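Okay, entry.txt now, which holds compact mmCIF, C-alpha atoms:
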# COMPACT_ATOMS: atom_id res chain seq x y z
CA MET A 355 13.11 -5.21 13.75
CA GLY A 356 13.98 -1.88 12.10
CA ALA A 357 17.39 -3.23 11.05
CA ASN A 358 15.64 -5.57 8.61
CA PHE A 359 14.29 -2.64 6.59
CA CYS A 360 17.58 -1.86 4.93
CA GLY A 361 18.68 -2.94 1.49
CA GLU A 362 16.27 -5.38 -0.11
CA PHE A 363 13.30 -4.72 2.18
CA GLU A 364 13.71 -0.96 2.60
CA PRO A 365 10.86 -0.14 0.15
CA LEU A 366 8.43 -1.95 2.48
CA ARG A 367 9.03 0.22 5.55
CA GLY A 368 5.66 1.65 6.62
CA ARG A 369 4.03 0.50 3.37
CA VAL A 370 1.41 -1.93 2.03
CA ASN A 371 -1.21 -1.25 4.68
CA PRO A 372 -4.93 -1.02 3.70
CA GLY A 373 -5.23 1.20 0.65
CA ASP A 374 -1.71 0.28 -0.51
CA GLU A 375 -1.85 -3.52 -0.41
CA ASP A 376 -1.26 -4.23 -4.08
CA ALA A 377 2.24 -2.71 -3.95
CA PHE A 378 5.41 -4.85 -4.06
CA PRO A 379 3.63 -8.26 -4.18
CA ASP A 380 6.78 -10.33 -4.76
CA LEU A 381 8.79 -8.46 -2.12
CA ARG A 382 5.95 -8.84 0.37
CA HIS A 383 5.97 -12.60 -0.16
CA ASP A 384 9.75 -12.64 0.34
CA TRP A 385 9.21 -10.76 3.60
CA GLU A 386 6.68 -13.36 4.75
CA ARG A 387 9.19 -16.13 4.11
CA LYS A 388 11.78 -14.18 6.09
CA MET A 389 9.30 -13.80 8.95
CA GLY A 390 8.58 -17.51 8.78
CA ASP A 391 12.25 -18.48 8.78
CA ALA A 392 12.78 -16.31 11.88
CA GLY A 393 9.83 -17.87 13.72
CA TRP A 394 7.70 -14.71 13.78
CA ILE A 395 4.62 -16.22 12.14
CA GLY A 396 2.10 -17.92 14.41
CA VAL A 397 3.67 -16.54 17.58
CA GLY A 398 0.45 -17.11 19.50
CA TRP A 399 -0.28 -20.58 18.11
CA PRO A 400 0.15 -23.63 20.35
CA GLN A 401 3.68 -25.02 20.26
CA LYS A 402 2.46 -28.35 18.86
CA TYR A 403 1.57 -26.52 15.64
CA GLY A 404 4.86 -24.65 15.38
CA GLY A 405 3.89 -21.58 17.40
CA ARG A 406 5.47 -20.13 20.51
CA GLY A 407 2.36 -20.29 22.67
CA ALA A 408 2.77 -16.58 23.40
CA SER A 409 0.41 -14.96 25.91
CA LEU A 410 -2.08 -12.32 24.86
CA GLU A 411 0.10 -9.67 26.53
CA ASP A 412 3.12 -10.80 24.50
CA LEU A 413 1.09 -10.77 21.29
CA VAL A 414 -0.03 -7.22 21.96
CA GLY A 415 3.56 -6.18 22.58
CA PHE A 416 4.82 -7.90 19.43
CA ASN A 417 2.19 -6.34 17.19
CA GLU A 418 2.74 -2.87 18.61
CA GLU A 419 6.51 -3.09 18.24
CA TYR A 420 6.20 -4.44 14.71
CA ALA A 421 4.06 -1.49 13.64
CA ALA A 422 6.11 1.06 15.61
CA HIS A 423 9.23 0.08 13.64
CA GLY A 424 7.46 0.47 10.32
CA GLY A 425 6.69 -3.20 9.75
CA PRO A 426 4.80 -3.53 6.45
CA GLY A 427 1.26 -4.79 6.10
CA ARG A 428 1.34 -8.56 6.13
CA ALA A 429 0.58 -10.51 2.97
CA GLY A 430 -0.14 -13.50 5.21
CA HIS A 431 -2.39 -11.65 7.67
CA ILE A 432 -5.61 -13.40 6.63
CA GLY A 433 -4.06 -16.84 6.84
CA GLU A 434 -2.17 -16.30 10.09
CA THR A 435 -4.55 -14.26 12.22
CA LEU A 436 -7.99 -15.13 10.82
CA PHE A 437 -7.96 -18.59 9.27
CA ALA A 438 -5.30 -20.36 11.35
CA PRO A 439 -6.88 -19.73 14.79
CA THR A 440 -10.24 -20.82 13.35
CA LEU A 441 -8.66 -23.96 11.91
CA ILE A 442 -6.97 -24.73 15.24
CA ALA A 443 -10.28 -24.30 17.07
CA TYR A 444 -12.61 -26.13 14.67
CA GLY A 445 -10.52 -28.19 12.24
CA ARG A 446 -9.66 -31.85 12.22
CA GLU A 447 -6.08 -32.85 12.97
CA ASP A 448 -5.40 -33.86 9.36
CA GLN A 449 -6.58 -30.43 8.20
CA LYS A 450 -4.24 -28.69 10.63
CA GLN A 451 -1.32 -30.80 9.43
CA LYS A 452 -2.20 -30.00 5.81
CA TYR A 453 -2.72 -26.24 5.98
CA LEU A 454 -0.85 -24.77 8.96
CA PRO A 455 2.74 -25.47 7.78
CA GLY A 456 2.36 -23.39 4.61
CA ILE A 457 1.02 -20.44 6.59
CA LYS A 458 3.72 -20.84 9.23
CA SER A 459 6.52 -20.83 6.65
CA GLY A 460 5.12 -17.81 4.79
CA THR A 461 4.83 -19.79 1.56
CA GLU A 462 1.03 -20.22 1.23
CA PHE A 463 -1.47 -17.36 1.30
CA TRP A 464 -5.21 -17.20 1.99
CA CYS A 465 -8.07 -14.85 1.20
CA GLN A 466 -11.59 -14.57 2.60
CA GLY A 467 -14.66 -15.56 0.57
CA TYR A 468 -17.46 -13.90 2.55
CA SER A 469 -19.06 -10.84 0.92
CA GLU A 470 -21.22 -11.06 -2.19
CA PRO A 471 -22.88 -8.36 -4.33
CA ASN A 472 -26.07 -8.66 -2.24
CA ALA A 473 -24.54 -9.97 0.97
CA GLY A 474 -22.07 -7.62 2.61
CA SER A 475 -23.01 -6.53 6.08
CA ASP A 476 -26.06 -8.79 5.66
CA LEU A 477 -23.76 -11.78 5.34
CA SER A 478 -26.50 -14.34 5.99
CA ASN A 479 -28.02 -13.41 2.60
CA ILE A 480 -25.31 -15.24 0.64
CA LYS A 481 -26.29 -17.01 -2.56
CA THR A 482 -23.12 -18.93 -3.46
CA LYS A 483 -24.03 -22.63 -3.54
CA ALA A 484 -22.11 -25.83 -2.84
CA ARG A 485 -23.25 -29.37 -3.59
CA LEU A 486 -21.63 -32.77 -3.17
CA ALA A 487 -20.90 -34.72 -6.34
CA GLY A 488 -18.52 -37.63 -6.72
CA GLY A 489 -16.84 -37.07 -3.35
CA GLN A 490 -16.21 -33.38 -4.00
CA TRP A 491 -17.89 -30.08 -3.23
CA VAL A 492 -18.91 -28.25 -6.41
CA ILE A 493 -19.19 -24.48 -5.94
CA ASP A 494 -21.09 -21.93 -8.01
CA GLY A 495 -21.50 -18.25 -7.23
CA GLN A 496 -19.62 -15.00 -6.72
CA LYS A 497 -17.67 -13.25 -3.97
CA ILE A 498 -16.68 -9.59 -3.98
CA TRP A 499 -14.31 -7.22 -2.15
CA THR A 500 -11.98 -10.18 -1.66
CA SER A 501 -8.72 -8.70 -0.38
CA LEU A 502 -5.50 -9.97 -1.99
CA ALA A 503 -7.21 -12.78 -3.92
CA MET A 504 -4.90 -11.95 -6.83
CA ASP A 505 -1.89 -13.11 -4.79
CA ALA A 506 -3.50 -15.90 -2.72
CA ASP A 507 -3.20 -19.66 -3.02
CA TYR A 508 -6.40 -20.59 -1.13
CA ILE A 509 -9.74 -19.08 -0.22
CA PHE A 510 -12.10 -20.08 2.59
CA VAL A 511 -15.65 -19.86 1.29
CA ILE A 512 -19.03 -19.62 3.00
CA ALA A 513 -21.60 -21.26 0.75
CA ARG A 514 -25.18 -22.51 0.97
CA ALA A 515 -25.28 -26.31 0.90
CA GLU A 516 -28.91 -27.02 1.77
CA GLU A 517 -31.34 -26.27 -1.05
CA GLY A 518 -34.08 -23.90 0.09
CA SER A 519 -32.30 -22.86 3.29
CA LYS A 520 -32.33 -19.22 4.28
CA GLY A 521 -30.36 -16.89 6.54
CA ARG A 522 -27.86 -18.57 8.81
CA ASN A 523 -29.10 -22.09 8.15
CA GLY A 524 -27.58 -24.64 5.77
CA LEU A 525 -24.20 -22.94 5.37
CA VAL A 526 -20.80 -24.59 4.98
CA PHE A 527 -17.24 -23.30 5.48
CA LEU A 528 -15.10 -24.71 2.65
CA LEU A 529 -11.34 -24.62 1.98
CA VAL A 530 -10.71 -24.09 -1.73
CA LYS A 531 -7.57 -23.93 -3.88
CA LEU A 532 -7.71 -20.90 -6.17
CA ASP A 533 -5.54 -22.11 -9.05
CA GLN A 534 -8.06 -24.40 -10.75
CA PRO A 535 -10.58 -24.40 -13.61
CA GLY A 536 -13.87 -22.84 -12.62
CA ILE A 537 -12.40 -19.90 -10.68
CA GLN A 538 -11.92 -16.45 -12.19
CA ILE A 539 -10.42 -13.50 -10.28
CA ARG A 540 -11.04 -9.93 -11.44
CA PRO A 541 -9.31 -7.01 -9.68
CA ILE A 542 -11.46 -4.02 -8.70
CA LYS A 543 -9.57 -0.80 -9.49
CA GLN A 544 -10.42 1.92 -6.99
CA MET A 545 -10.43 5.70 -7.32
CA SER A 546 -7.06 5.76 -5.54
CA GLY A 547 -5.56 3.75 -8.41
CA THR A 548 -4.96 0.63 -6.30
CA ALA A 549 -6.57 -2.77 -6.79
CA GLU A 550 -6.19 -4.89 -3.66
CA PHE A 551 -9.87 -5.92 -3.79
CA ASN A 552 -11.20 -8.50 -6.23
CA GLU A 553 -14.28 -10.24 -7.52
CA VAL A 554 -14.01 -14.04 -7.42
CA PHE A 555 -16.32 -16.10 -9.64
CA PHE A 556 -16.99 -19.81 -9.05
CA ASP A 557 -18.32 -21.85 -11.96
CA GLY A 558 -18.09 -25.50 -11.00
CA ALA A 559 -15.01 -24.98 -8.84
CA ARG A 560 -14.18 -27.95 -6.63
CA CYS A 561 -12.66 -29.00 -3.33
CA GLU A 562 -12.50 -32.38 -1.66
CA GLN A 563 -15.41 -33.55 0.50
CA GLY A 564 -13.15 -33.39 3.55
CA ASP A 565 -12.17 -29.76 2.91
CA ILE A 566 -14.92 -28.46 5.19
CA LEU A 567 -14.63 -27.05 8.70
CA GLY A 568 -17.34 -28.54 10.88
CA GLY A 569 -20.34 -29.91 9.03
CA VAL A 570 -23.26 -28.74 6.93
CA GLY A 571 -25.06 -26.09 8.94
CA ASP A 572 -21.95 -25.06 10.92
CA GLY A 573 -20.84 -22.43 8.41
CA TRP A 574 -22.36 -19.46 10.19
CA LYS A 575 -20.98 -20.40 13.62
CA ILE A 576 -17.47 -20.85 12.24
CA ALA A 577 -17.67 -17.69 10.13
CA MET A 578 -18.58 -15.64 13.20
CA ALA A 579 -15.82 -17.26 15.28
CA LEU A 580 -13.33 -16.22 12.60
CA LEU A 581 -14.52 -12.62 12.83
CA GLY A 582 -13.94 -12.80 16.57
CA PHE A 583 -10.33 -13.87 15.98
CA GLU A 584 -9.99 -11.04 13.43
CA ARG A 585 -10.49 -8.54 16.21
CA GLY A 586 -7.59 -9.94 18.18
CA ALA A 587 -4.15 -8.71 19.21
CA SER A 588 -3.27 -7.50 15.70
CA THR A 589 -5.80 -4.72 16.31
CA LEU A 590 -3.19 -3.07 18.54
CA GLY A 591 -0.69 -3.19 15.68
CA GLN A 592 -3.25 -1.54 13.44
CA GLN A 593 -3.61 1.25 15.97
CA MET A 594 0.15 1.78 16.02
CA THR A 595 -0.06 2.26 12.26
CA PHE A 596 -2.78 4.83 12.92
CA ALA A 597 -0.44 6.53 15.39
CA ASN A 598 2.27 6.70 12.72
CA GLU A 599 -0.21 8.34 10.34
CA PHE A 600 -1.25 10.81 13.03
CA LYS A 601 2.41 11.68 13.66
CA GLN A 602 2.90 12.35 9.94
CA ILE A 603 -0.07 14.73 9.95
CA VAL A 604 1.24 16.59 13.02
CA GLU A 605 4.68 16.97 11.43
CA LEU A 606 3.11 18.34 8.25
CA ALA A 607 0.99 20.80 10.27
CA LYS A 608 4.12 22.11 11.98
CA LYS A 609 5.98 22.35 8.69
CA ASN A 610 3.33 24.18 6.67
CA GLY A 611 2.04 26.39 9.50
CA MET A 612 -1.38 24.77 9.86
CA ALA A 613 -0.49 23.96 13.48
CA ASN A 614 -0.95 27.66 14.20
CA ASP A 615 -4.64 27.45 13.28
CA PRO A 616 -6.56 27.04 16.58
CA LEU A 617 -9.25 24.89 14.95
CA ILE A 618 -6.67 22.53 13.47
CA ARG A 619 -4.85 22.37 16.82
CA ASN A 620 -8.14 21.48 18.52
CA ARG A 621 -8.84 18.70 16.03
CA LEU A 622 -5.31 17.34 16.43
CA ALA A 623 -5.77 17.26 20.20
CA LYS A 624 -9.10 15.43 19.88
CA SER A 625 -7.53 12.95 17.46
CA TYR A 626 -4.70 12.25 19.92
CA ALA A 627 -7.19 11.69 22.73
CA GLY A 628 -9.11 9.33 20.43
CA LEU A 629 -5.97 7.23 19.93
CA LYS A 630 -5.69 6.71 23.68
CA ILE A 631 -9.37 5.85 24.08
CA MET A 632 -9.10 3.45 21.15
CA ARG A 633 -6.31 1.48 22.82
CA PHE A 634 -8.24 1.02 26.06
CA SER A 635 -11.31 0.00 24.06
CA ALA A 636 -9.29 -2.60 22.15
CA LEU A 637 -7.77 -4.04 25.33
CA ARG A 638 -11.25 -4.43 26.78
CA MET A 639 -12.41 -6.15 23.62
CA LEU A 640 -9.56 -8.66 23.63
CA SER A 641 -10.91 -10.55 26.63
CA GLY A 642 -13.63 -11.95 24.38
CA ALA A 643 -11.67 -12.07 21.14
CA GLU A 644 -9.09 -14.47 22.63
CA ALA A 645 -11.85 -17.08 22.87
CA GLY A 646 -13.22 -16.30 19.41
CA GLU A 647 -16.28 -14.58 20.83
CA MET A 648 -17.87 -11.41 19.49
CA SER A 649 -18.46 -9.52 22.72
CA PRO A 650 -20.34 -6.18 22.73
CA ALA A 651 -16.97 -4.48 23.18
CA ALA A 652 -15.90 -5.86 19.79
CA TYR A 653 -18.72 -3.98 18.07
CA THR A 654 -18.24 -0.68 19.89
CA SER A 655 -14.49 -0.85 19.37
CA LYS A 656 -14.92 -1.30 15.62
CA ILE A 657 -17.34 1.65 15.42
CA PHE A 658 -14.91 3.83 17.34
CA TRP A 659 -11.74 3.13 15.38
CA ALA A 660 -13.49 3.15 11.98
CA THR A 661 -15.08 6.54 12.66
CA TRP A 662 -11.86 7.92 14.15
CA HIS A 663 -9.81 6.83 11.14
CA ARG A 664 -12.33 8.24 8.67
CA ASP A 665 -12.12 11.56 10.51
CA LEU A 666 -8.32 11.35 10.48
CA GLY A 667 -8.43 11.16 6.68
CA GLU A 668 -10.48 14.37 6.57
CA LEU A 669 -8.09 16.03 9.01
CA ALA A 670 -5.15 15.05 6.80
CA MET A 671 -6.73 16.77 3.80
CA ASP A 672 -7.43 19.95 5.77
CA VAL A 673 -3.85 20.03 7.04
CA MET A 674 -2.54 19.55 3.49
CA GLY A 675 -4.70 22.47 2.35
CA PRO A 676 -4.91 23.18 -1.41
CA ALA A 677 -2.19 20.58 -2.08
CA ALA A 678 -4.68 17.88 -1.08
CA GLU A 679 -6.53 18.43 -4.36
CA ILE A 680 -3.45 18.12 -6.56
CA LEU A 681 -2.40 14.82 -8.11
CA ASP A 682 1.39 15.08 -8.28
CA GLY A 683 2.88 13.12 -11.15
CA GLY A 684 -0.17 10.94 -11.56
CA ASN A 685 0.15 9.31 -8.13
CA TYR A 686 -1.63 10.02 -4.87
CA ASP A 687 0.68 10.56 -1.91
CA GLY A 688 0.36 8.72 1.42
CA LEU A 689 -2.08 11.12 3.09
CA GLN A 690 -4.28 11.33 0.00
CA LYS A 691 -4.46 7.53 -0.08
CA LEU A 692 -5.27 7.58 3.62
CA PHE A 693 -8.23 9.88 2.98
CA LEU A 694 -9.56 7.90 0.01
CA PHE A 695 -9.29 4.48 1.64
CA SER A 696 -10.51 5.56 5.08
CA ARG A 697 -13.93 6.19 3.56
CA SER A 698 -14.32 2.40 3.54
CA ASP A 699 -13.46 1.92 7.23
CA THR A 700 -17.05 2.42 8.37
CA ILE A 701 -18.26 -0.05 5.71
CA TYR A 702 -16.04 -3.14 5.61
CA ALA A 703 -16.13 -5.80 8.36
CA GLY A 704 -19.70 -4.67 9.03
CA THR A 705 -20.95 -1.12 8.60
CA ASN A 706 -21.32 1.22 11.57
CA GLN A 707 -25.06 0.75 11.27
CA ILE A 708 -24.81 -3.03 11.42
CA GLN A 709 -22.38 -2.87 14.36
CA ARG A 710 -25.05 -0.95 16.28
CA ASN A 711 -27.75 -3.53 15.50

Show this structure as structure tokens.
Amino acid sequence: MGANFCGEFEPLRGRVNPGDEDAFPDLRHDWERKMGDAGWIGVGWPQKYGGRGASLEDLVGFNEEYAAHGGPGRAGHIGETLFAPTLIAYGREDQKQKYLPGIKSGTEFWCQGYSEPNAGSDLSNIKTKARLAGGQWVIDGQKIWTSLAMDADYIFVIARAEEGSKGRNGLVFLLVKLDQPGIQIRPIKQMSGTAEFNEVFFDGARCEQGDILGGVGDGWKIAMALLGFERGASTLGQQMTFANEFKQIVELAKKNGMANDPLIRNRLAKSYAGLKIMRFSALRMLSGAEAGEMSPAAYTSKIFWATWHRDLGELAMDVMGPAAEILDGGNYDGLQKLFLFSRSDTIYAGTNQIQRN
């Protein structure tokens, strides 16, 4: 794997993870196509859909090795590991034949239309509406914090299709092409200077009547199943990325003398222990995630890693010392970006408070 990060793809080594995902968009898409050509997309999918039918154990091993060798954040992550398993589980055969090949080849990219300005962790409060007209779904509303929408081809959208319905009732799960009249994408520039999140506005946007997973009223069930797949084997790859960040902090502490501070050494030791606990927690969670179920372990695991990673960002700043507050050449360095983005870990994908509810 590491041999591929020479020459053309060398700038991607260890890059474009959360907080850095708007970097090298064209090169990231080239990397996805290379992954697709080599058969490394959809490794866990059934063989009838172009996958390898890999076991959960093999998926864990693949994701850990990918991250350990500095594999970049995946531009196709949302399509491959969130949408595709949901489509395989709930979609019609014609839908699978239409959408899976583009994901498998690394040529078509998806984003997630869930959160709204007043419906984040309280996802059932969504206001985006969809209505049938002339054999098409017509969509009006707004989504926010939509990762990588600026580079995506499609978006799966949860919308309210039954007038007067509330909460989890009357929702639909629609498959929508982004490049069309009636859709506007606005990047959200963050304090770190990056803009991987977006607002997506729908003003009469359309998709075909058949571009729905399940039926009217099934939107919530399918949306929750997708979140179960999200907390799958790729979680172990995420943790390997965390381990790489931790290693960088330890090396800096040794270099600048902060490792001699007993309080810093104690925090480093606790952080290392947290990495080990996190892995066991994730492995326990996977027994439910493989079936698309949100087991209690999925919630506790998310609380643990989100809190741990937020604390790692604070530890990184303390190890950097005064240099942490200096913007060198107008750009934040890797550890500064880690600190700034990790503040969101306990918020996205359900806040810590919601996870406990």

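Pairwise distance (atom CA of Tyr626 of chain A, atom CA of His431 of chain A) equals 27.0 Å.
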
Task: Local residues around (-14.9, -1.9, 22.4), at most 6 Å away, using only C-alpha atoms, as a PyMOL selection string - done: chain A and resi 635-636+639+651-652+654-655

File of the preceding selection, C-alpha atoms, as a short mmCIF file (atom, residue, chain, number, x, y, z; two decimals), in the frame of the given file:
data_model
loop_
_atom_site.label_atom_id
_atom_site.label_comp_id
_atom_site.auth_asym_id
_atom_site.auth_seq_id
_atom_site.Cartn_x
_atom_site.Cartn_y
_atom_site.Cartn_z
CA SER A 635 -11.31 0.00 24.06
CA ALA A 636 -9.29 -2.60 22.15
CA MET A 639 -12.41 -6.15 23.62
CA ALA A 651 -16.97 -4.48 23.18
CA ALA A 652 -15.90 -5.86 19.79
CA THR A 654 -18.24 -0.68 19.89
CA SER A 655 -14.49 -0.85 19.37
#

Just want the 12 Å neighbourhood of Ala392 of chain A, counted on all atoms listed in the file, with same-chain residues fewer than 3 positions away dropped. Output as a compact mmCIF listing (two decimals) with C-alpha atoms, keeping the file's coordinate frame.
# COMPACT_ATOMS: atom_id res chain seq x y z
CA MET A 355 13.11 -5.21 13.75
CA ASN A 358 15.64 -5.57 8.61
CA TRP A 385 9.21 -10.76 3.60
CA GLU A 386 6.68 -13.36 4.75
CA ARG A 387 9.19 -16.13 4.11
CA LYS A 388 11.78 -14.18 6.09
CA MET A 389 9.30 -13.80 8.95
CA ILE A 395 4.62 -16.22 12.14
CA GLY A 396 2.10 -17.92 14.41
CA VAL A 397 3.67 -16.54 17.58
CA GLY A 405 3.89 -21.58 17.40
CA ARG A 406 5.47 -20.13 20.51
CA LYS A 458 3.72 -20.84 9.23
CA SER A 459 6.52 -20.83 6.65
CA GLY A 460 5.12 -17.81 4.79

With a cut-off of 8 Å, could you pull out the residues of segment 449-480 of chain A touching segment 512-526 of chain A and give me the nearest pair of atoms for each, distance in Å to one decimal, using all atoms listed in the file, ordered by chain and ascending number, as a Markdown table?
| residue | atom | partner | partner_atom | distance |
| --- | --- | --- | --- | --- |
| A:Gly467 | CA | A:Ile512 | CA | 6.4 |
| A:Tyr468 | CA | A:Ile512 | CA | 5.9 |
| A:Ser478 | CA | A:Gly521 | CA | 4.7 |
| A:Asn479 | CA | A:Gly521 | CA | 5.8 |
| A:Ile480 | CA | A:Ala513 | CA | 7.1 |

Could you dump the residues just selected with C-alpha atoms as an mmCIF file, in the frame of the given file?
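Contents of result39.cif, as written:
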data_model
loop_
_atom_site.group_PDB
_atom_site.id
_atom_site.type_symbol
_atom_site.label_atom_id
_atom_site.label_comp_id
_atom_site.auth_asym_id
_atom_site.auth_seq_id
_atom_site.Cartn_x
_atom_site.Cartn_y
_atom_site.Cartn_z
ATOM 1 C CA GLY A 467 -14.660 -15.560 0.570
ATOM 2 C CA TYR A 468 -17.460 -13.900 2.550
ATOM 3 C CA SER A 478 -26.500 -14.340 5.990
ATOM 4 C CA ASN A 479 -28.020 -13.410 2.600
ATOM 5 C CA ILE A 480 -25.310 -15.240 0.640
#

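When all atoms listed in the file are used to measure the gap to Ser698 of chain A, the shortest distance among A:Val673, A:Ile566, A:Met545, A:Ile680 belongs to A:Met545.
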
Test item: write segment 521-529 of chain A with all heavy atoms as a PDB file, in the first residue's frame:
ATOM      1  N   GLY A 521     -42.221  14.279  13.573  1.00  0.00           N
ATOM      2  CA  GLY A 521     -41.259  13.320  14.100  1.00  0.00           C
ATOM      3  C   GLY A 521     -40.800  12.332  13.042  1.00  0.00           C
ATOM      4  O   GLY A 521     -40.486  12.700  11.908  1.00  0.00           O
ATOM      5  N   ARG A 522     -40.830  11.066  13.410  1.00  0.00           N
ATOM      6  CA  ARG A 522     -40.296  10.029  12.536  1.00  0.00           C
ATOM      7  C   ARG A 522     -41.279   9.564  11.471  1.00  0.00           C
ATOM      8  O   ARG A 522     -40.914   8.754  10.615  1.00  0.00           O
ATOM      9  CB  ARG A 522     -39.864   8.826  13.394  1.00  0.00           C
ATOM     10  CG  ARG A 522     -38.881   9.205  14.484  1.00  0.00           C
ATOM     11  CD  ARG A 522     -38.596   8.023  15.399  1.00  0.00           C
ATOM     12  NE  ARG A 522     -37.667   8.402  16.460  1.00  0.00           N
ATOM     13  CZ  ARG A 522     -37.174   7.559  17.362  1.00  0.00           C
ATOM     14  NH1 ARG A 522     -37.561   6.285  17.339  1.00  0.00           N
ATOM     15  NH2 ARG A 522     -36.331   7.983  18.274  1.00  0.00           N
ATOM     16  N   ASN A 523     -42.486  10.077  11.495  1.00  0.00           N
ATOM     17  CA  ASN A 523     -43.522   9.625  10.575  1.00  0.00           C
ATOM     18  C   ASN A 523     -43.465  10.396   9.254  1.00  0.00           C
ATOM     19  O   ASN A 523     -43.075  11.562   9.209  1.00  0.00           O
ATOM     20  CB  ASN A 523     -44.905   9.798  11.198  1.00  0.00           C
ATOM     21  CG  ASN A 523     -45.048   9.003  12.484  1.00  0.00           C
ATOM     22  OD1 ASN A 523     -44.617   7.853  12.567  1.00  0.00           O
ATOM     23  ND2 ASN A 523     -45.648   9.615  13.503  1.00  0.00           N
ATOM     24  N   GLY A 524     -43.888   9.725   8.178  1.00  0.00           N
ATOM     25  CA  GLY A 524     -44.066  10.400   6.896  1.00  0.00           C
ATOM     26  C   GLY A 524     -42.797  10.781   6.175  1.00  0.00           C
ATOM     27  O   GLY A 524     -42.824  11.637   5.279  1.00  0.00           O
ATOM     28  N   LEU A 525     -41.669  10.157   6.507  1.00  0.00           N
ATOM     29  CA  LEU A 525     -40.390  10.519   5.897  1.00  0.00           C
ATOM     30  C   LEU A 525     -40.061   9.602   4.726  1.00  0.00           C
ATOM     31  O   LEU A 525     -40.469   8.441   4.679  1.00  0.00           O
ATOM     32  CB  LEU A 525     -39.268  10.453   6.935  1.00  0.00           C
ATOM     33  CG  LEU A 525     -39.427  11.357   8.164  1.00  0.00           C
ATOM     34  CD1 LEU A 525     -38.253  11.178   9.112  1.00  0.00           C
ATOM     35  CD2 LEU A 525     -39.571  12.824   7.754  1.00  0.00           C
ATOM     36  N   VAL A 526     -39.306  10.148   3.770  1.00  0.00           N
ATOM     37  CA  VAL A 526     -38.835   9.372   2.626  1.00  0.00           C
ATOM     38  C   VAL A 526     -37.309   9.508   2.517  1.00  0.00           C
ATOM     39  O   VAL A 526     -36.720  10.489   2.987  1.00  0.00           O
ATOM     40  CB  VAL A 526     -39.486   9.830   1.303  1.00  0.00           C
ATOM     41  CG1 VAL A 526     -40.950   9.437   1.266  1.00  0.00           C
ATOM     42  CG2 VAL A 526     -39.321  11.338   1.097  1.00  0.00           C
ATOM     43  N   PHE A 527     -36.696   8.527   1.885  1.00  0.00           N
ATOM     44  CA  PHE A 527     -35.250   8.483   1.661  1.00  0.00           C
ATOM     45  C   PHE A 527     -35.048   8.515   0.150  1.00  0.00           C
ATOM     46  O   PHE A 527     -35.269   7.528  -0.539  1.00  0.00           O
ATOM     47  CB  PHE A 527     -34.678   7.202   2.259  1.00  0.00           C
ATOM     48  CG  PHE A 527     -33.184   7.140   2.353  1.00  0.00           C
ATOM     49  CD1 PHE A 527     -32.540   7.332   3.565  1.00  0.00           C
ATOM     50  CD2 PHE A 527     -32.408   6.858   1.235  1.00  0.00           C
ATOM     51  CE1 PHE A 527     -31.154   7.250   3.659  1.00  0.00           C
ATOM     52  CE2 PHE A 527     -31.026   6.775   1.316  1.00  0.00           C
ATOM     53  CZ  PHE A 527     -30.396   6.968   2.536  1.00  0.00           C
ATOM     54  N   LEU A 528     -34.661   9.697  -0.379  1.00  0.00           N
ATOM     55  CA  LEU A 528     -34.603   9.925  -1.819  1.00  0.00           C
ATOM     56  C   LEU A 528     -33.162   9.987  -2.326  1.00  0.00           C
ATOM     57  O   LEU A 528     -32.249  10.415  -1.598  1.00  0.00           O
ATOM     58  CB  LEU A 528     -35.324  11.224  -2.173  1.00  0.00           C
ATOM     59  CG  LEU A 528     -36.795  11.314  -1.774  1.00  0.00           C
ATOM     60  CD1 LEU A 528     -37.352  12.690  -2.124  1.00  0.00           C
ATOM     61  CD2 LEU A 528     -37.609  10.218  -2.458  1.00  0.00           C
ATOM     62  N   LEU A 529     -32.975   9.605  -3.581  1.00  0.00           N
ATOM     63  CA  LEU A 529     -31.674   9.590  -4.242  1.00  0.00           C
ATOM     64  C   LEU A 529     -31.687  10.666  -5.316  1.00  0.00           C
ATOM     65  O   LEU A 529     -32.434  10.573  -6.293  1.00  0.00           O
ATOM     66  CB  LEU A 529     -31.414   8.213  -4.855  1.00  0.00           C
ATOM     67  CG  LEU A 529     -31.760   7.019  -3.954  1.00  0.00           C
ATOM     68  CD1 LEU A 529     -31.490   5.714  -4.668  1.00  0.00           C
ATOM     69  CD2 LEU A 529     -30.994   7.103  -2.637  1.00  0.00           C
TER      70      LEU A 529
END
